[in-house]
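A.B. asks: For reference, the structure I am asking about is given below.
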Amino acid sequence: MTANLLLEAENVGIQFGGLKAVQSVNMHLNKGELIGLIGPNGAGKTTTFNMLTGVYEPTEGIITFDGKKINGLKPYQVTKLGISRTFQNIRLFKDLSVLDNVKVANHNKAKHGIFASILRLPSHFAGEAKMEEESIEFLKIFGLDIYKDEMAKNLPYGMQRRLEIARALAAKPKLLLLDEPAAGMNPQETHDLMELIAFIRKEFDLTILLIEHDMHLVMGVCERIYVLDHGQLIADGTPQEIRSNPKVIEAYLGEEVVE
Ligand SMILES: Nc1ncnc2c1ncn2[C@@H]1O[C@H](COP(=O)(O)OP(=O)(O)OP(=O)(O)O)[C@@H](O)[C@H]1O
């Protein structure tokens with residue numbers, strides 16, 4: 001294993017009944033990379049995320065994260081090791097405030113223990129104050145601090161998507177998985193999101209894997225791209241290589257993308 005390797009999937013796959021949803025996927029993410037995962041509907045992208053995050057246990061292959069095998073771990077254990085994600089369908093605590101949504105995620109990393117909290121020891125209050133301060137800092141980065149007391153469900157759609165990312169980031173991951181972060185956003189929101197993703201990668205020393213159908217976004221921010229089709233990887237390479245790969249054009253991009 002090279003020192004730079006953060007995640008490796010070796011021949012990973014999963015079968016649901018008779019359906020091989022994902023087969024023999026080999027993938028590696030180096031520290032600090034921003035990688036895209038693309039492919040047609042039903043190709044197995046979200047299923048791959050679900051295997052990387054412990055939602056599904058692969059029926060074949062090995063997933064190694066930061067030198068540890070993570071197959072079979074529960075999602076909360078994977079989060080603890082340093083993988084956070086967002087979902088295709090926004091999953092926020094809709095009736096909690098914007099700030100509380102981030103605080104809940106930040107809580108995973110709280111330094112003060114449960115006894116300090118129950119007994120209301122000074123370390124509990126100091127810990128809470130620090131967490132609130134940190135959570136507000138996260139909100140500022142995402143331009144959400146002005147909405148901090150608003151219930152999450154009242155945010156405009158694009159802002160809810162940003163809040164999901166802020167929340168995933170508050171768990172202080174090493175690897176962030178974004179499932180269609182630009183879905184439903186208008187072109188301006190998508191453009192701003194692109195800049196934000198590039199910014200947080202640098203600022204937080206993150207590795208990011210993102211699923212996205214918006215090719216402008218994927219080609220604009222990713223260094224490398226993996227392409228799935230019918231559960232199998234059909235290509236990986238730089239945006240330039242992917243754009244001109246005949247297999248990818250046939251399966252997914254369509255002729256019009258080739259310039
Ligand atoms: N829990 C499950 N049980 C049975 N089949 C499943 C399950 N989860 C996913 N699948 C199947 O696995 C295949 C891959 O689905 P997946 O959602 O991963 O595709 P996707 O590439 O993320 O598609 P989209 O771009 O539409 O989100 C599909 O045929 C889907 O029906």
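Chain labels A, B, ... are given in the sequence in which chains occur in the structure tokens; within each chain residues are numbered consecutively from 1, and ligands are likewise numbered from 1 in the order shown.
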Counting only C-alpha atoms, which residues of range 46-150 of chain A sit at most 12 Å from some atom of range 23-41 of chain A, and what is each one's closest atom pair with its distance in Å to one decimal, listed by chain and rising residue number, as JSON lines?

C.D. replies:
```
{"residue": "A:Thr46", "atom": "CA", "partner": "A:Leu37", "partner_atom": "CA", "distance": 9.6}
{"residue": "A:Thr47", "atom": "CA", "partner": "A:Gln23", "partner_atom": "CA", "distance": 10.9}
{"residue": "A:Thr48", "atom": "CA", "partner": "A:Val25", "partner_atom": "CA", "distance": 8.8}
{"residue": "A:Phe49", "atom": "CA", "partner": "A:Leu37", "partner_atom": "CA", "distance": 9.8}
{"residue": "A:Met51", "atom": "CA", "partner": "A:Val25", "partner_atom": "CA", "distance": 11.2}
{"residue": "A:Leu52", "atom": "CA", "partner": "A:Met27", "partner_atom": "CA", "distance": 11.0}
{"residue": "A:Pro58", "atom": "CA", "partner": "A:Gln23", "partner_atom": "CA", "distance": 9.8}
{"residue": "A:Thr59", "atom": "CA", "partner": "A:Gln23", "partner_atom": "CA", "distance": 9.5}
{"residue": "A:Glu60", "atom": "CA", "partner": "A:Ser24", "partner_atom": "CA", "distance": 7.6}
{"residue": "A:Gly61", "atom": "CA", "partner": "A:Ser24", "partner_atom": "CA", "distance": 7.2}
{"residue": "A:Ile62", "atom": "CA", "partner": "A:Asn26", "partner_atom": "CA", "distance": 9.5}
{"residue": "A:Ile63", "atom": "CA", "partner": "A:Met27", "partner_atom": "CA", "distance": 9.3}
{"residue": "A:Thr64", "atom": "CA", "partner": "A:His28", "partner_atom": "CA", "distance": 9.4}
{"residue": "A:Phe65", "atom": "CA", "partner": "A:Leu29", "partner_atom": "CA", "distance": 9.4}
{"residue": "A:Asp66", "atom": "CA", "partner": "A:Lys31", "partner_atom": "CA", "distance": 9.5}
```

A.B. asks: Could you give me, as a tab-separated table (two decimals) with N, CA and C atoms, in the first residue's frame, every polymer residue with an atom at most 9 Å away from an atom of ligand 1, counting only C-alpha atoms and all ligand atoms?

C.D. replies:
```tsv
chain	number	residue	atom	x	y	z
A	14	ILE	N	-21.84	-6.75	-5.15
A	14	ILE	CA	-22.97	-7.16	-4.30
A	14	ILE	C	-24.08	-7.71	-5.17
A	15	GLN	N	-24.71	-8.72	-4.63
A	15	GLN	CA	-25.79	-9.40	-5.33
A	15	GLN	C	-27.05	-9.28	-4.48
A	16	PHE	N	-28.15	-8.89	-5.10
A	16	PHE	CA	-29.45	-8.89	-4.41
A	16	PHE	C	-30.28	-9.99	-5.04
A	17	GLY	N	-30.51	-11.06	-4.33
A	17	GLY	CA	-31.20	-12.20	-4.94
A	17	GLY	C	-30.41	-12.62	-6.16
A	19	LEU	N	-29.87	-10.65	-8.75
A	19	LEU	CA	-29.34	-9.47	-9.46
A	19	LEU	C	-27.95	-9.07	-8.98
A	20	LYS	N	-26.99	-9.11	-9.90
A	20	LYS	CA	-25.65	-8.62	-9.55
A	20	LYS	C	-25.64	-7.12	-9.77
A	21	ALA	N	-25.91	-6.37	-8.72
A	21	ALA	CA	-26.05	-4.91	-8.86
A	21	ALA	C	-24.71	-4.25	-9.13
A	22	VAL	N	-23.65	-4.75	-8.48
A	22	VAL	CA	-22.29	-4.25	-8.70
A	22	VAL	C	-21.36	-5.45	-8.75
A	38	ILE	N	-19.52	8.30	-12.28
A	38	ILE	CA	-20.65	8.59	-13.15
A	38	ILE	C	-21.17	7.31	-13.81
A	39	GLY	N	-22.30	7.44	-14.47
A	39	GLY	CA	-22.88	6.30	-15.18
A	39	GLY	C	-24.38	6.47	-15.30
A	40	PRO	N	-25.00	5.71	-16.19
A	40	PRO	CA	-26.44	5.85	-16.39
A	40	PRO	C	-27.26	5.46	-15.16
A	41	ASN	N	-28.53	5.78	-15.18
A	41	ASN	CA	-29.41	5.40	-14.07
A	41	ASN	C	-29.37	3.89	-13.87
A	42	GLY	N	-29.31	3.50	-12.59
A	42	GLY	CA	-29.33	2.06	-12.28
A	42	GLY	C	-27.98	1.38	-12.48
A	43	ALA	N	-26.92	2.15	-12.74
A	43	ALA	CA	-25.59	1.55	-13.02
A	43	ALA	C	-24.95	0.96	-11.78
A	44	GLY	N	-25.38	1.41	-10.59
A	44	GLY	CA	-24.81	0.88	-9.35
A	44	GLY	C	-24.01	1.90	-8.55
A	45	LYS	N	-24.18	3.17	-8.85
A	45	LYS	CA	-23.40	4.22	-8.19
A	45	LYS	C	-23.76	4.34	-6.70
A	46	THR	N	-25.05	4.49	-6.43
A	46	THR	CA	-25.47	4.63	-5.02
A	46	THR	C	-25.20	3.34	-4.25
A	47	THR	N	-25.38	2.21	-4.93
A	47	THR	CA	-25.09	0.93	-4.28
A	47	THR	C	-23.61	0.87	-3.88
A	48	THR	N	-22.75	1.38	-4.74
A	48	THR	CA	-21.32	1.43	-4.41
A	48	THR	C	-21.10	2.30	-3.17
A	49	PHE	N	-21.73	3.48	-3.12
A	49	PHE	CA	-21.64	4.33	-1.91
A	49	PHE	C	-22.13	3.55	-0.69
A	50	ASN	N	-23.23	2.83	-0.87
A	50	ASN	CA	-23.79	2.09	0.26
A	50	ASN	C	-22.82	1.01	0.77
A	56	TYR	N	-24.61	-1.45	3.02
A	56	TYR	CA	-24.64	-2.82	2.51
A	56	TYR	C	-23.27	-3.46	2.72
A	88	GLN	N	-28.78	11.09	-1.99
A	88	GLN	CA	-29.45	11.58	-3.18
A	88	GLN	C	-30.74	12.31	-2.80
A	179	ASP	N	-23.52	12.32	-2.93
A	179	ASP	CA	-24.41	11.64	-3.89
A	179	ASP	C	-25.30	12.67	-4.58
A	180	GLU	N	-24.95	12.99	-5.79
A	180	GLU	CA	-25.67	13.98	-6.61
A	180	GLU	C	-25.90	15.29	-5.88
A	211	ILE	N	-20.86	11.47	-6.86
A	211	ILE	CA	-21.72	10.96	-7.92
A	211	ILE	C	-22.45	12.18	-8.47
A	212	GLU	N	-22.46	12.33	-9.79
A	212	GLU	CA	-23.16	13.50	-10.31
A	212	GLU	C	-23.52	13.28	-11.78
A	213	HIS	N	-24.72	13.71	-12.13
A	213	HIS	CA	-25.13	13.62	-13.53
A	213	HIS	C	-24.79	14.90	-14.29
A	228	LEU	N	-19.33	3.73	-14.26
A	228	LEU	CA	-20.02	2.45	-14.05
A	228	LEU	C	-21.11	2.29	-15.10
A	229	ASP	N	-21.28	1.05	-15.54
A	229	ASP	CA	-22.41	0.74	-16.43
A	229	ASP	C	-22.83	-0.69	-16.13
A	230	HIS	N	-24.12	-0.89	-15.92
A	230	HIS	CA	-24.63	-2.23	-15.57
A	230	HIS	C	-23.80	-2.88	-14.47
A	231	GLY	N	-23.43	-2.11	-13.44
A	231	GLY	CA	-22.75	-2.67	-12.28
A	231	GLY	C	-21.26	-2.91	-12.45
```

A.B. asks: Going by DSSP on the backbone, which bits of range 97-246 of chain A are alpha helix (DSSP H)? Write them as an NGL selection string, please.

C.D. replies: :A and (98-107 or 114-118 or 122-141 or 157-170 or 187-203 or 215-221 or 239-243 or 246)

A.B. asks: With distances taken over only C-alpha atoms, which of A:Ile234, A:Met159, A:Ala170, A:Leu178 is nearest to Asp192 in chain A?

C.D. replies: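 Checking each of A:Ile234, A:Met159, A:Ala170, A:Leu178 against Asp192 in chain A, counting only C-alpha atoms, the winner is A:Met159.
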
A.B. asks: I'd like to know which of A:Asn245, A:Asn154, A:Gln77, A:Gln160 is closest to Pro181 in chain A, using only C-alpha atoms.

C.D. replies: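 Nearest candidate to Pro181 in chain A out of A:Asn245, A:Asn154, A:Gln77, A:Gln160: A:Gln160.
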
A.B. asks: Measuring atom to atom with only C-alpha atoms, identify which of A:Lys68, A:Ala171, A:Arg243, A:Ala152 is nearest to Asp95 in chain A.

C.D. replies: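 Ranking A:Lys68, A:Ala171, A:Arg243, A:Ala152 by distance to Asp95 in chain A, first place goes to A:Ala152.
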
A.B. asks: From the set A:Glu250, A:Lys103, A:Gln232, A:Thr190, which residue has the shortest atom-to-atom contact distance to Met215 in chain A, counting only C-alpha atoms?

C.D. replies: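 Of the candidates, the smallest distance to Met215 in chain A is held by A:Thr190.
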
A.B. asks: With distances taken over only C-alpha atoms, which of A:Asn71, A:Thr207, A:Thr2, A:Ser135 is nearest to Leu175 in chain A?

C.D. replies: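 Looking only at the distances to Leu175 in chain A, the closest residue turns out to be A:Thr207.
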
A.B. asks: Which one of A:Val55, A:Val221, A:Ala3, A:Ile90 sits closest to Lys74 in chain A if you count only C-alpha atoms?

C.D. replies: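 Residue with the minimum atom-to-atom distance to Lys74 in chain A: A:Val55.
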
A.B. asks: As a list in words, please: all residues of range 135-214 of chain A that backbone DSSP puts in strand (DSSP E or B).

C.D. replies: Met151, Leu175, Leu176, Leu177, Leu178, Asp179, Thr207, Ile208, Leu209, Leu210 and Ile211 of chain A
